[in-house]
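Novice: Structure file structure-v8.txt, compact mmCIF, C-alpha atoms (C1' of nucleotides), is pasted below:
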```txt
# COMPACT_ATOMS: atom_id res chain seq x y z
CA MET Q 948 -150.38 -141.54 20.68
CA ASP Q 949 -151.44 -138.18 22.02
CA LEU Q 950 -152.12 -136.14 18.91
CA GLU Q 951 -151.28 -132.68 20.17
CA GLN Q 952 -153.93 -131.58 22.56
CA SER Q 953 -157.30 -132.16 21.04
CA PRO Q 954 -157.64 -135.77 20.05
CA LYS Q 955 -159.59 -134.69 16.98
CA GLN Q 956 -158.85 -131.85 14.63
CA PRO Q 957 -160.92 -128.72 15.06
CA ARG Q 958 -164.26 -129.08 13.41
CA GLY Q 959 -164.22 -128.92 9.64
CA ALA Q 960 -160.45 -128.83 9.47
CA THR Q 961 -160.23 -132.03 7.50
CA ARG Q 962 -162.66 -130.78 4.90
CA GLU Q 963 -160.61 -127.65 4.57
CA ARG Q 964 -157.41 -129.60 4.24
CA ILE Q 965 -158.92 -131.75 1.54
CA MET Q 966 -160.07 -128.75 -0.46
CA GLU Q 967 -156.68 -127.15 -0.23
CA ALA Q 968 -155.03 -130.37 -1.22
CA ALA Q 969 -157.32 -130.62 -4.22
CA THR Q 970 -156.37 -127.21 -5.54
CA ALA Q 971 -152.73 -127.94 -4.94
CA VAL Q 972 -152.89 -131.22 -6.79
CA ALA Q 973 -154.86 -129.66 -9.62
CA HIS Q 974 -152.21 -127.04 -9.97
CA ALA Q 975 -149.43 -129.57 -9.93
CA VAL Q 976 -150.65 -132.23 -12.32
CA GLY Q 977 -153.27 -130.36 -14.30
CA PRO Q 978 -156.96 -130.37 -13.51
CA ALA Q 979 -157.66 -133.21 -15.88
CA HIS Q 980 -155.50 -135.51 -13.83
CA LEU Q 981 -156.94 -134.55 -10.50
CA SER Q 982 -157.45 -137.91 -8.83
CA LEU Q 983 -159.03 -138.63 -5.52
CA ASP Q 984 -156.14 -140.82 -4.51
CA ALA Q 985 -153.69 -137.99 -5.04
CA VAL Q 986 -155.87 -135.56 -3.15
CA ALA Q 987 -156.31 -137.97 -0.28
CA GLU Q 988 -152.60 -138.56 0.00
CA ARG Q 989 -151.79 -134.88 -0.12
CA ALA Q 990 -154.44 -134.10 2.46
CA GLY Q 991 -153.12 -136.82 4.71
CA VAL Q 992 -156.31 -138.84 4.79
CA SER Q 993 -157.24 -142.15 3.29
CA LYS Q 994 -159.40 -142.43 0.26
CA GLY Q 995 -162.26 -143.62 2.40
CA GLY Q 996 -161.83 -140.64 4.65
CA LEU Q 997 -161.97 -138.30 1.72
CA LEU Q 998 -165.09 -139.91 0.37
CA TYR Q 999 -166.65 -139.62 3.76
CA HIS Q 1000 -166.47 -135.85 3.54
CA PHE Q 1001 -167.12 -135.58 -0.17
CA PRO Q 1002 -169.14 -138.52 -1.41
CA THR Q 1003 -168.23 -137.82 -5.01
CA LYS Q 1004 -165.51 -136.03 -6.87
CA ALA Q 1005 -168.07 -133.58 -8.18
CA SER Q 1006 -169.17 -132.68 -4.69
CA LEU Q 1007 -165.60 -131.87 -3.75
CA ILE Q 1008 -165.15 -129.58 -6.71
CA LYS Q 1009 -168.50 -127.98 -6.16
CA ALA Q 1010 -167.56 -127.14 -2.62
CA ILE Q 1011 -164.36 -125.51 -3.79
CA VAL Q 1012 -166.12 -123.42 -6.39
CA GLU Q 1013 -168.76 -122.28 -3.97
CA ARG Q 1014 -166.32 -121.28 -1.31
CA HIS Q 1015 -164.25 -119.43 -3.84
CA LEU Q 1016 -167.19 -117.56 -5.26
CA GLU Q 1017 -168.31 -116.59 -1.83
CA THR Q 1018 -164.92 -115.07 -1.12
CA VAL Q 1019 -164.95 -113.05 -4.31
CA ALA Q 1020 -168.52 -111.90 -3.94
CA ASN Q 1021 -167.95 -110.82 -0.37
CA ALA Q 1022 -164.81 -108.93 -1.24
CA ALA Q 1023 -166.58 -107.08 -4.02
CA GLY Q 1024 -169.66 -106.44 -1.94
CA ILE Q 1025 -172.07 -107.45 -4.64
CA THR Q 1026 -175.01 -107.71 -2.34
CA SER Q 1027 -174.53 -104.21 -1.01
CA CYS Q 1028 -174.48 -102.98 -4.57
CA GLU Q 1029 -177.74 -104.72 -5.29
CA ALA Q 1030 -179.21 -102.84 -2.40
CA ASP Q 1031 -178.05 -99.35 -3.22
CA GLY Q 1032 -177.23 -99.75 -6.90
CA ASP Q 1033 -173.75 -98.36 -6.65
CA GLY Q 1034 -172.31 -99.66 -9.90
CA ASP Q 1035 -169.15 -97.62 -9.87
CA GLY Q 1036 -168.50 -98.80 -6.35
CA VAL Q 1037 -168.58 -102.46 -7.37
CA ALA Q 1038 -166.00 -101.87 -10.03
CA LEU Q 1039 -163.75 -100.13 -7.57
CA ARG Q 1040 -164.24 -102.76 -4.90
CA MET Q 1041 -163.51 -105.54 -7.35
CA MET Q 1042 -160.20 -103.92 -8.17
CA ARG Q 1043 -159.29 -103.55 -4.54
CA ALA Q 1044 -160.45 -107.06 -3.82
CA PHE Q 1045 -158.33 -108.40 -6.60
CA LEU Q 1046 -155.23 -106.98 -5.03
CA VAL Q 1047 -156.07 -108.43 -1.67
CA THR Q 1048 -157.72 -111.81 -1.99
CA PRO Q 1049 -155.75 -115.00 -2.38
CA VAL Q 1050 -157.53 -115.40 -5.70
CA ALA Q 1051 -154.81 -113.27 -7.10
CA LYS Q 1052 -151.94 -115.50 -6.21
CA PRO Q 1053 -150.91 -117.93 -8.93
CA GLY Q 1054 -152.56 -121.27 -8.57
CA GLY Q 1055 -154.92 -119.85 -6.04
CA ALA Q 1056 -157.90 -120.58 -8.17
CA GLN Q 1057 -157.05 -123.84 -9.81
CA GLY Q 1058 -160.13 -125.31 -8.27
CA PHE Q 1059 -162.07 -123.37 -10.83
CA LEU Q 1060 -160.21 -124.93 -13.62
CA ALA Q 1061 -160.75 -128.34 -12.19
CA ALA Q 1062 -164.43 -127.53 -11.98
CA MET Q 1063 -164.63 -126.36 -15.50
CA ALA Q 1064 -162.62 -129.25 -16.78
CA GLU Q 1065 -164.58 -131.78 -14.84
CA THR Q 1066 -168.15 -130.67 -15.09
CA PRO Q 1067 -168.97 -127.59 -17.10
CA GLU Q 1068 -172.32 -127.36 -15.37
CA LEU Q 1069 -170.53 -126.46 -12.20
CA LEU Q 1070 -169.84 -123.12 -13.81
CA GLU Q 1071 -173.50 -122.24 -13.50
CA PRO Q 1072 -172.99 -120.38 -10.22
CA ILE Q 1073 -170.28 -118.36 -11.90
CA ARG Q 1074 -172.60 -117.37 -14.70
CA HIS Q 1075 -175.15 -116.38 -12.14
CA HIS Q 1076 -172.62 -114.36 -10.23
CA ASN Q 1077 -171.50 -112.54 -13.34
CA GLU Q 1078 -175.06 -111.70 -14.24
CA ARG Q 1079 -175.47 -110.08 -10.87
CA VAL Q 1080 -172.29 -108.11 -11.31
CA ALA Q 1081 -173.34 -107.01 -14.77
CA ALA Q 1082 -176.67 -105.84 -13.45
CA CYS Q 1083 -174.82 -103.68 -10.95
CA LEU Q 1084 -172.49 -102.29 -13.56
CA ARG Q 1085 -175.37 -101.28 -15.78
CA ARG Q 1086 -176.52 -98.99 -13.02
CA ALA Q 1087 -173.19 -97.19 -12.88
CA GLN Q 1088 -172.98 -93.57 -13.90
CA GLU Q 1089 -170.98 -94.53 -16.95
CA PRO Q 1090 -171.67 -98.20 -17.51
CA GLU Q 1091 -169.00 -98.58 -20.19
CA ILE Q 1092 -166.27 -97.40 -17.90
CA ALA Q 1093 -167.42 -99.57 -15.04
CA MET Q 1094 -167.58 -102.56 -17.37
CA ILE Q 1095 -164.09 -101.85 -18.56
CA ALA Q 1096 -162.89 -101.99 -14.99
CA PHE Q 1097 -164.75 -105.25 -14.49
CA LEU Q 1098 -163.26 -106.75 -17.62
CA VAL Q 1099 -159.78 -105.67 -16.65
CA VAL Q 1100 -160.13 -107.50 -13.37
CA GLU Q 1101 -161.51 -110.55 -15.11
CA GLY Q 1102 -158.70 -110.41 -17.62
CA LEU Q 1103 -156.12 -110.35 -14.90
CA ARG Q 1104 -157.80 -113.13 -13.01
CA CYS Q 1105 -157.88 -115.20 -16.13
CA LEU Q 1106 -154.25 -114.59 -17.00
CA GLN Q 1107 -153.28 -115.53 -13.50
CA LEU Q 1108 -155.41 -118.61 -13.72
CA PHE Q 1109 -153.34 -119.67 -16.67
CA ASP Q 1110 -150.11 -118.62 -15.03
CA ALA Q 1111 -149.66 -116.46 -18.09
CA ASN Q 1112 -149.71 -112.95 -16.75
CA PRO Q 1113 -146.95 -110.93 -18.38
CA LEU Q 1114 -147.58 -107.78 -16.38
CA THR Q 1115 -145.59 -106.84 -13.32
CA GLU Q 1116 -147.16 -105.89 -10.04
CA ALA Q 1117 -146.06 -102.34 -10.54
CA GLU Q 1118 -147.79 -102.22 -13.89
CA ILE Q 1119 -150.95 -103.63 -12.44
CA GLY Q 1120 -150.78 -101.00 -9.75
CA ARG Q 1121 -150.51 -98.26 -12.33
CA ILE Q 1122 -153.34 -99.74 -14.36
CA PHE Q 1123 -155.61 -99.76 -11.36
CA ALA Q 1124 -154.57 -96.25 -10.50
CA THR Q 1125 -155.50 -95.13 -13.99
CA LEU Q 1126 -158.85 -96.87 -13.78
CA ASP Q 1127 -159.38 -95.41 -10.35
CA ARG Q 1128 -158.89 -91.97 -11.75
CA ILE Q 1129 -161.23 -92.55 -14.65
CA LEU Q 1130 -163.88 -94.08 -12.42
CA GLY Q 1131 -163.41 -91.36 -9.87
CA CYS Q 1132 -164.11 -88.52 -12.28
CA PRO Q 1133 -166.69 -89.54 -14.85
CA ALA Q 1134 -165.63 -86.24 -16.37
CA GLU Q 1135 -165.29 -85.19 -19.94
CA THR Q 1136 -168.03 -87.21 -21.58
CA ALA Q 1137 -169.45 -86.31 -24.95
CA MET H 1174 -151.82 -128.48 -58.19
CA ASP H 1175 -155.51 -128.70 -57.56
CA LEU H 1176 -155.79 -130.36 -54.24
CA GLU H 1177 -159.47 -129.89 -53.94
CA GLN H 1178 -160.76 -132.34 -56.41
CA SER H 1179 -158.77 -135.25 -55.26
CA PRO H 1180 -161.20 -138.07 -54.55
CA LYS H 1181 -159.90 -138.10 -51.02
CA GLN H 1182 -160.58 -135.14 -48.85
CA PRO H 1183 -158.54 -132.09 -49.62
CA ARG H 1184 -155.13 -132.27 -48.09
CA GLY H 1185 -155.16 -131.89 -44.33
CA ALA H 1186 -158.92 -131.97 -44.16
CA THR H 1187 -158.97 -134.93 -41.83
CA ARG H 1188 -156.57 -133.27 -39.45
CA GLU H 1189 -158.77 -130.24 -39.49
CA ARG H 1190 -161.89 -132.26 -38.88
CA ILE H 1191 -160.25 -134.00 -35.96
CA MET H 1192 -159.21 -130.74 -34.38
CA GLU H 1193 -162.68 -129.33 -34.75
CA ALA H 1194 -164.18 -132.48 -33.34
CA ALA H 1195 -161.84 -132.25 -30.37
CA THR H 1196 -162.93 -128.75 -29.48
CA ALA H 1197 -166.54 -129.72 -29.93
CA VAL H 1198 -166.20 -132.71 -27.66
CA ALA H 1199 -164.27 -130.73 -25.10
CA HIS H 1200 -167.04 -128.21 -25.06
CA ALA H 1201 -169.70 -130.83 -24.73
CA VAL H 1202 -168.34 -133.11 -22.03
CA GLY H 1203 -165.77 -130.91 -20.36
CA PRO H 1204 -162.09 -130.87 -21.18
CA ALA H 1205 -161.24 -133.36 -18.49
CA HIS H 1206 -163.32 -135.99 -20.21
CA LEU H 1207 -161.98 -135.36 -23.64
CA SER H 1208 -161.32 -138.87 -24.85
CA LEU H 1209 -159.74 -139.95 -28.08
CA ASP H 1210 -162.55 -142.38 -28.73
CA ALA H 1211 -165.11 -139.62 -28.54
CA VAL H 1212 -163.08 -137.35 -30.77
CA ALA H 1213 -162.56 -140.06 -33.34
CA GLU H 1214 -166.23 -140.87 -33.45
CA ARG H 1215 -167.21 -137.26 -33.79
CA ALA H 1216 -164.65 -136.66 -36.51
CA GLY H 1217 -165.87 -139.71 -38.37
CA VAL H 1218 -162.61 -141.59 -38.28
CA SER H 1219 -161.49 -144.63 -36.40
CA LYS H 1220 -159.30 -144.38 -33.40
CA GLY H 1221 -156.39 -145.70 -35.37
CA GLY H 1222 -157.01 -143.06 -37.98
CA LEU H 1223 -156.91 -140.38 -35.38
CA LEU H 1224 -153.71 -141.70 -33.86
CA TYR H 1225 -152.19 -141.74 -37.30
CA HIS H 1226 -152.53 -137.98 -37.56
CA PHE H 1227 -151.86 -137.22 -33.92
CA PRO H 1228 -149.70 -139.89 -32.37
CA THR H 1229 -150.60 -138.79 -28.87
CA LYS H 1230 -153.37 -136.92 -27.20
CA ALA H 1231 -150.90 -134.24 -26.23
CA SER H 1232 -149.88 -133.70 -29.83
CA LEU H 1233 -153.49 -133.17 -30.81
CA ILE H 1234 -154.02 -130.58 -28.14
CA LYS H 1235 -150.75 -128.93 -28.92
CA ALA H 1236 -151.75 -128.57 -32.54
CA ILE H 1237 -155.02 -126.96 -31.55
CA VAL H 1238 -153.34 -124.49 -29.25
CA GLU H 1239 -150.76 -123.56 -31.84
CA ARG H 1240 -153.26 -123.02 -34.60
CA HIS H 1241 -155.40 -120.95 -32.32
CA LEU H 1242 -152.51 -118.81 -31.19
CA GLU H 1243 -151.45 -118.26 -34.74
CA THR H 1244 -154.89 -116.99 -35.62
CA VAL H 1245 -154.94 -114.58 -32.73
CA ALA H 1246 -151.40 -113.36 -33.28
CA ASN H 1247 -152.01 -112.79 -36.96
CA ALA H 1248 -155.22 -110.93 -36.35
CA ALA H 1249 -153.52 -108.67 -33.84
CA GLY H 1250 -150.47 -108.19 -36.00
CA ILE H 1251 -148.02 -108.78 -33.19
CA THR H 1252 -145.06 -109.22 -35.47
CA SER H 1253 -145.68 -105.96 -37.24
CA CYS H 1254 -145.78 -104.28 -33.87
CA GLU H 1255 -142.48 -105.79 -32.93
CA ALA H 1256 -141.06 -104.25 -36.05
CA ASP H 1257 -142.35 -100.73 -35.67
CA GLY H 1258 -143.18 -100.69 -31.96
CA ASP H 1259 -146.73 -99.50 -32.39
CA GLY H 1260 -148.13 -100.42 -29.01
CA ASP H 1261 -151.38 -98.54 -29.31
CA GLY H 1262 -151.97 -100.20 -32.63
CA VAL H 1263 -151.75 -103.66 -31.13
CA ALA H 1264 -154.34 -102.86 -28.56
CA LEU H 1265 -156.66 -101.54 -31.23
CA ARG H 1266 -156.07 -104.46 -33.52
CA MET H 1267 -156.69 -106.93 -30.73
CA MET H 1268 -160.04 -105.37 -30.12
CA ARG H 1269 -160.96 -105.50 -33.77
CA ALA H 1270 -159.66 -109.01 -34.00
CA PHE H 1271 -161.74 -110.07 -31.06
CA LEU H 1272 -164.89 -108.99 -32.81
CA VAL H 1273 -163.98 -110.83 -35.96
CA THR H 1274 -162.20 -114.08 -35.18
CA PRO H 1275 -164.04 -117.24 -34.34
CA VAL H 1276 -162.25 -117.12 -31.02
CA ALA H 1277 -165.05 -114.92 -29.92
CA LYS H 1278 -167.82 -117.40 -30.45
CA PRO H 1279 -168.73 -119.46 -27.41
CA GLY H 1280 -166.92 -122.74 -27.23
CA GLY H 1281 -164.61 -121.60 -29.97
CA ALA H 1282 -161.60 -121.89 -27.76
CA GLN H 1283 -162.30 -124.93 -25.67
CA GLY H 1284 -159.14 -126.44 -27.01
CA PHE H 1285 -157.30 -124.09 -24.74
CA LEU H 1286 -159.08 -125.38 -21.77
CA ALA H 1287 -158.38 -128.92 -22.75
CA ALA H 1288 -154.75 -127.99 -23.08
CA MET H 1289 -154.61 -126.40 -19.72
CA ALA H 1290 -156.50 -129.21 -18.10
CA GLU H 1291 -154.43 -131.87 -19.72
CA THR H 1292 -150.90 -130.59 -19.62
CA PRO H 1293 -150.24 -127.22 -18.08
CA GLU H 1294 -146.91 -127.08 -19.87
CA LEU H 1295 -148.77 -126.70 -23.13
CA LEU H 1296 -149.61 -123.22 -21.99
CA GLU H 1297 -145.99 -122.24 -22.45
CA PRO H 1298 -146.60 -120.84 -25.94
CA ILE H 1299 -149.38 -118.73 -24.52
CA ARG H 1300 -147.10 -117.31 -21.90
CA HIS H 1301 -144.59 -116.56 -24.58
CA HIS H 1302 -147.22 -114.91 -26.74
CA ASN H 1303 -148.41 -112.76 -23.88
CA GLU H 1304 -144.88 -111.65 -23.13
CA ARG H 1305 -144.54 -110.47 -26.68
CA VAL H 1306 -147.80 -108.60 -26.49
CA ALA H 1307 -146.80 -107.01 -23.23
CA ALA H 1308 -143.52 -105.88 -24.71
CA CYS H 1309 -145.45 -104.14 -27.47
CA LEU H 1310 -147.84 -102.54 -25.04
CA ARG H 1311 -145.01 -101.12 -22.99
CA ARG H 1312 -143.97 -99.17 -26.03
CA ALA H 1313 -147.36 -97.55 -26.39
CA GLN H 1314 -147.73 -93.85 -25.85
CA GLU H 1315 -149.71 -94.48 -22.73
CA PRO H 1316 -148.86 -98.01 -21.65
CA GLU H 1317 -151.51 -98.13 -18.95
CA ILE H 1318 -154.28 -97.39 -21.37
CA ALA H 1319 -153.03 -99.87 -23.91
CA MET H 1320 -152.75 -102.50 -21.20
CA ILE H 1321 -156.27 -101.78 -20.11
CA ALA H 1322 -157.45 -102.45 -23.63
CA PHE H 1323 -155.45 -105.66 -23.68
CA LEU H 1324 -156.88 -106.79 -20.39
CA VAL H 1325 -160.40 -106.00 -21.49
CA VAL H 1326 -159.97 -108.23 -24.50
CA GLU H 1327 -158.47 -110.97 -22.36
CA GLY H 1328 -161.28 -110.61 -19.89
CA LEU H 1329 -163.87 -111.00 -22.58
CA ARG H 1330 -162.07 -113.93 -24.09
CA CYS H 1331 -161.91 -115.55 -20.71
CA LEU H 1332 -165.55 -115.02 -19.93
CA GLN H 1333 -166.47 -116.45 -23.27
CA LEU H 1334 -164.19 -119.36 -22.63
CA PHE H 1335 -166.23 -120.13 -19.57
CA ASP H 1336 -169.50 -119.44 -21.31
CA ALA H 1337 -170.05 -116.91 -18.58
CA ASN H 1338 -170.14 -113.62 -20.39
CA PRO H 1339 -173.01 -111.53 -19.05
CA LEU H 1340 -172.51 -108.65 -21.45
CA THR H 1341 -174.52 -108.19 -24.61
CA GLU H 1342 -172.99 -107.63 -27.99
CA ALA H 1343 -174.23 -104.09 -27.96
CA GLU H 1344 -172.53 -103.45 -24.67
CA ILE H 1345 -169.30 -104.90 -25.91
CA GLY H 1346 -169.56 -102.67 -28.93
CA ARG H 1347 -169.97 -99.62 -26.74
CA ILE H 1348 -167.09 -100.70 -24.53
CA PHE H 1349 -164.81 -101.02 -27.50
CA ALA H 1350 -165.99 -97.69 -28.83
CA THR H 1351 -165.12 -96.10 -25.52
CA LEU H 1352 -161.71 -97.71 -25.51
CA ASP H 1353 -161.23 -96.70 -29.10
CA ARG H 1354 -161.87 -93.13 -28.18
CA ILE H 1355 -159.52 -93.22 -25.23
CA LEU H 1356 -156.81 -94.93 -27.24
CA GLY H 1357 -157.38 -92.61 -30.14
CA CYS H 1358 -156.79 -89.47 -28.15
CA PRO H 1359 -154.11 -90.09 -25.54
CA ALA H 1360 -155.16 -86.63 -24.46
CA GLU H 1361 -155.56 -85.15 -21.05
CA THR H 1362 -152.76 -86.85 -19.17
CA ALA H 1363 -151.38 -85.46 -15.96
C1' DA P 1019 -170.61 -147.86 37.35
C1' DA P 1020 -171.05 -151.27 33.88
C1' DG P 1021 -172.69 -152.34 29.78
C1' DA P 1022 -175.40 -151.70 25.61
C1' DG P 1023 -176.40 -148.96 21.93
C1' DT P 1024 -175.72 -144.97 18.61
C1' DG P 1025 -173.40 -141.55 15.71
C1' DT P 1026 -169.31 -139.49 13.73
C1' DA P 1027 -164.92 -139.75 11.64
C1' DC P 1028 -161.90 -142.35 9.17
C1' DC P 1029 -159.47 -146.49 7.02
C1' DG P 1030 -158.00 -149.51 3.08
C1' DT P 1031 -159.27 -153.11 -0.18
C1' DC P 1032 -161.57 -154.27 -4.30
C1' DC P 1033 -163.53 -153.89 -8.92
C1' DA P 1034 -165.83 -152.53 -13.22
C1' DG P 1035 -165.16 -149.54 -16.61
C1' DA P 1036 -162.80 -146.01 -19.16
C1' DC P 1037 -158.75 -144.44 -21.57
C1' DG P 1038 -154.40 -143.86 -24.08
C1' DG P 1039 -151.86 -146.10 -27.13
C1' DT P 1040 -150.10 -150.40 -30.15
C1' DC P 1041 -150.34 -153.23 -34.09
C1' DA P 1042 -151.22 -156.34 -37.81
C1' DA P 1043 -154.02 -156.01 -41.58
C1' DG P 1044 -156.33 -153.74 -45.01
C1' DT P 1045 -157.66 -150.01 -48.98
C1' DC P 1046 -156.80 -147.41 -52.90
C1' DA P 1047 -154.91 -143.70 -55.84
C1' DA P 1048 -150.72 -142.91 -58.48
C1' DT G 1021 -146.02 -151.99 -56.43
C1' DT G 1022 -145.65 -148.51 -53.39
C1' DG G 1023 -146.82 -145.76 -49.76
C1' DA G 1024 -150.06 -142.63 -47.65
C1' DC G 1025 -154.02 -143.36 -45.12
C1' DT G 1026 -157.43 -146.01 -42.41
C1' DT G 1027 -159.30 -149.76 -39.69
C1' DG G 1028 -160.70 -152.14 -35.35
C1' DA G 1029 -159.31 -155.51 -32.10
C1' DC G 1030 -156.51 -155.61 -28.20
C1' DC G 1031 -153.69 -154.51 -23.87
C1' DG G 1032 -152.20 -152.50 -19.47
C1' DT G 1033 -153.05 -148.98 -16.47
C1' DC G 1034 -155.52 -145.76 -13.88
C1' DT G 1035 -159.58 -144.09 -11.38
C1' DG G 1036 -164.06 -143.32 -9.15
C1' DG G 1037 -166.38 -144.96 -5.76
C1' DA G 1038 -168.68 -148.91 -3.17
C1' DC G 1039 -168.14 -151.38 0.92
C1' DG G 1040 -167.07 -153.57 5.10
C1' DG G 1041 -164.36 -152.62 8.64
C1' DT G 1042 -162.15 -149.78 13.08
C1' DA G 1043 -161.87 -146.36 16.80
C1' DC G 1044 -163.66 -143.26 19.76
C1' DA G 1045 -166.99 -140.25 22.02
C1' DC G 1046 -171.41 -139.77 23.38
C1' DT G 1047 -175.91 -141.09 25.67
C1' DC G 1048 -179.28 -144.08 27.96
C1' DT G 1049 -180.52 -147.76 30.66
C1' DT G 1050 -180.09 -151.03 34.57
```
Would you write out, as structure tokens, the structure that this file holds?
Specialist:
Amino acid sequence: MDLEQSPKQPRGATRERIMEAATAVAHAVGPAHLSLDAVAERAGVSKGGLLYHFPTKASLIKAIVERHLETVANAAGITSCEADGDGDGVALRMMRAFLVTPVAKPGGAQGFLAAMAETPELLEPIRHHNERVAACLRRAQEPEIAMIAFLVVEGLRCLQLFDANPLTEAEIGRIFATLDRILGCPAETA
Amino acid sequence: MDLEQSPKQPRGATRERIMEAATAVAHAVGPAHLSLDAVAERAGVSKGGLLYHFPTKASLIKAIVERHLETVANAAGITSCEADGDGDGVALRMMRAFLVTPVAKPGGAQGFLAAMAETPELLEPIRHHNERVAACLRRAQEPEIAMIAFLVVEGLRCLQLFDANPLTEAEIGRIFATLDRILGCPAETA
DNA sequence: AAGAGTGTACCGTCCAGACGGTCAAGTCAA
DNA sequence: TTGACTTGACCGTCTGGACGGTACACTCTT
């Protein structure tokens, strides 16, 4: 009965597995049908084990949302923007981040949907996050352009969330390149 | 054939009321908890009455999605684009449409979320719709720019869907004006 | 070193309530 | 009378989560 080397999993591994399982299940059966039993089975723990780590369904979803948001915020460097007010930079970083983070891969953010479907209040942190981003963007040299970049990223994220993105990777690349150029040279304003 | 003074509701009014009630409930309690009982109560019909018009929950949601999509497609004039290939026009019309249609008002599209939460397959028509839009955009003079406009609209729609739009109406107006200008004068390309 | 005690991680059964959907029985305008 | 429309009681299933275990790794005594 020697389970590999360490008798226990590395610390926190089970939690992680459960969260991953939850997003996978949500993606498979639709967030509305996300059941703890299914998650537990997929994660390879019992229901009791799951509930040990996440005492309620809401707490599980909340954890997923928070982790996700953290990833995105880090990638975009929001905090650094708040320090030095580099609005254009945020827009650029968000674009880069989009191309890199797992958020971009289909089904990579189904936890969000589960959250939204389950308890709309869980979206509060997202609202907060967006407010922070917006505040940064307003400080950009040309706020409208920076906001456009932001919205493009959001649009893509959203389409991917719905598995309904009709654009190819190459197209997305060209779009970002175009935005890059526009952001790079504020240029020919009125 | 004056349908409106029939002692009963005008034809189809109940269906309409049910669909509206469904989106309202979805918005209130979260799409995952959209129950037929709640919808029926809100619509002022009995459960049986509801099931008469929509034999299954899925059919109700499907109807909502379809109606919604129709509205959007009409407003953007997709079909006309497919006829004359006016990609830039679609992008412009989508922007205008966004400002006008009820889709833009918060909670106005919660049916979508319910759909996605309930049965991901119901999103198929959306995928299809987006493919058509993309095809139009590719025929634009400057596809990248048109796609940017498209993505901006999608981004806004998405943010509104999540009640997480940090931008003011004035800002959105300026953003659209900027896009308008860029779309209007394909101009200074490399 | 043996035993008692404590904390962490996890298991699996059980149950009340919610939900989707059925159906037999109306209602009422045409 | 017919048939579109509506009712509300009812049923079977699913689900969240409470709960009472188990197993193991630790101290801390004695």
Novice: Could you please determine the separation between CA of Asp1259 in chain H and CA of Leu1310 in chain H in Å, to one decimal place?
Specialist: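 Straight-line distance from CA of Asp1259 in chain H to CA of Leu1310 in chain H works out to 8.0 Å.
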Novice: With a cut-off of 12 Å and counting only C-alpha atoms (C1' of nucleotides), select all residues of chain H in contact with chain P and give the selection as an MDAnalysis selection string.
Specialist: chainID H and resid 1179:1181 1205:1211 1220:1221 1223:1225 1227:1231
Novice: When you draw a straight line from CA of Ile1321 in chain H to CA of Ala1082 in chain Q, how long is it in Å?
Specialist: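 The value is 21.8 Å.
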Novice: How far apart are chain H and chain Q by Cα RMSD after a least-squares superposition over every Cα, paired in order?
Specialist: 2.6 Å
Novice: Contacts from chain G to chain H, 9 Å maximum, only C-alpha atoms (C1' of nucleotides): show me the residue list as a VMD selection string.
Specialist: chain G and resid 1025 to 1028
Novice: Taking C-alpha atoms (C1' of nucleotides) for each residue, export the selection above as a compact mmCIF listing (two decimals), keeping the file's coordinate frame.
Specialist:
```txt
# COMPACT_ATOMS: atom_id res chain seq x y z
C1' DC G 1025 -154.02 -143.36 -45.12
C1' DT G 1026 -157.43 -146.01 -42.41
C1' DT G 1027 -159.30 -149.76 -39.69
C1' DG G 1028 -160.70 -152.14 -35.35
```
Novice: What does the distance from CA of Ala973 in chain Q to C1' of DC1034 in chain G come to in Å, to one decimal?
Specialist: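 The value is 16.7 Å.
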Novice: Mind listing as a ChimeraX atom specification which residues of chain H are within 8 Å of chain Q, counting all atoms listed in the file?
Specialist: /H:1202-1206,1286-1287,1289-1293,1296,1299-1300,1303-1304,1307,1317-1318,1320-1321,1324-1329,1331-1332,1335-1340,1344,1347-1348,1351
Novice: What would range 1016-1023 of chain Q look like with N, CA and C atoms restored, written as a PDB file, keeping the file's coordinate frame?
Specialist:
```
ATOM      1  N   LEU Q1016    -166.262-118.584  -4.790  1.00  0.00           N
ATOM      2  CA  LEU Q1016    -167.190-117.560  -5.260  1.00  0.00           C
ATOM      3  C   LEU Q1016    -167.657-116.685  -4.116  1.00  0.00           C
ATOM      4  N   GLU Q1017    -167.865-117.319  -3.006  1.00  0.00           N
ATOM      5  CA  GLU Q1017    -168.310-116.590  -1.830  1.00  0.00           C
ATOM      6  C   GLU Q1017    -167.259-115.548  -1.455  1.00  0.00           C
ATOM      7  N   THR Q1018    -166.026-115.983  -1.446  1.00  0.00           N
ATOM      8  CA  THR Q1018    -164.920-115.070  -1.120  1.00  0.00           C
ATOM      9  C   THR Q1018    -164.944-113.861  -2.033  1.00  0.00           C
ATOM     10  N   VAL Q1019    -164.994-114.137  -3.335  1.00  0.00           N
ATOM     11  CA  VAL Q1019    -164.950-113.050  -4.310  1.00  0.00           C
ATOM     12  C   VAL Q1019    -166.143-112.120  -4.150  1.00  0.00           C
ATOM     13  N   ALA Q1020    -167.315-112.709  -4.046  1.00  0.00           N
ATOM     14  CA  ALA Q1020    -168.520-111.900  -3.940  1.00  0.00           C
ATOM     15  C   ALA Q1020    -168.488-111.026  -2.696  1.00  0.00           C
ATOM     16  N   ASN Q1021    -168.047-111.604  -1.598  1.00  0.00           N
ATOM     17  CA  ASN Q1021    -167.950-110.820  -0.370  1.00  0.00           C
ATOM     18  C   ASN Q1021    -166.994-109.657  -0.534  1.00  0.00           C
ATOM     19  N   ALA Q1022    -165.829-109.969  -1.092  1.00  0.00           N
ATOM     20  CA  ALA Q1022    -164.810-108.930  -1.240  1.00  0.00           C
ATOM     21  C   ALA Q1022    -165.335-107.792  -2.102  1.00  0.00           C
ATOM     22  N   ALA Q1023    -166.103-108.124  -3.113  1.00  0.00           N
ATOM     23  CA  ALA Q1023    -166.580-107.080  -4.020  1.00  0.00           C
ATOM     24  C   ALA Q1023    -167.863-106.422  -3.508  1.00  0.00           C
TER      25      ALA Q1023
END
```
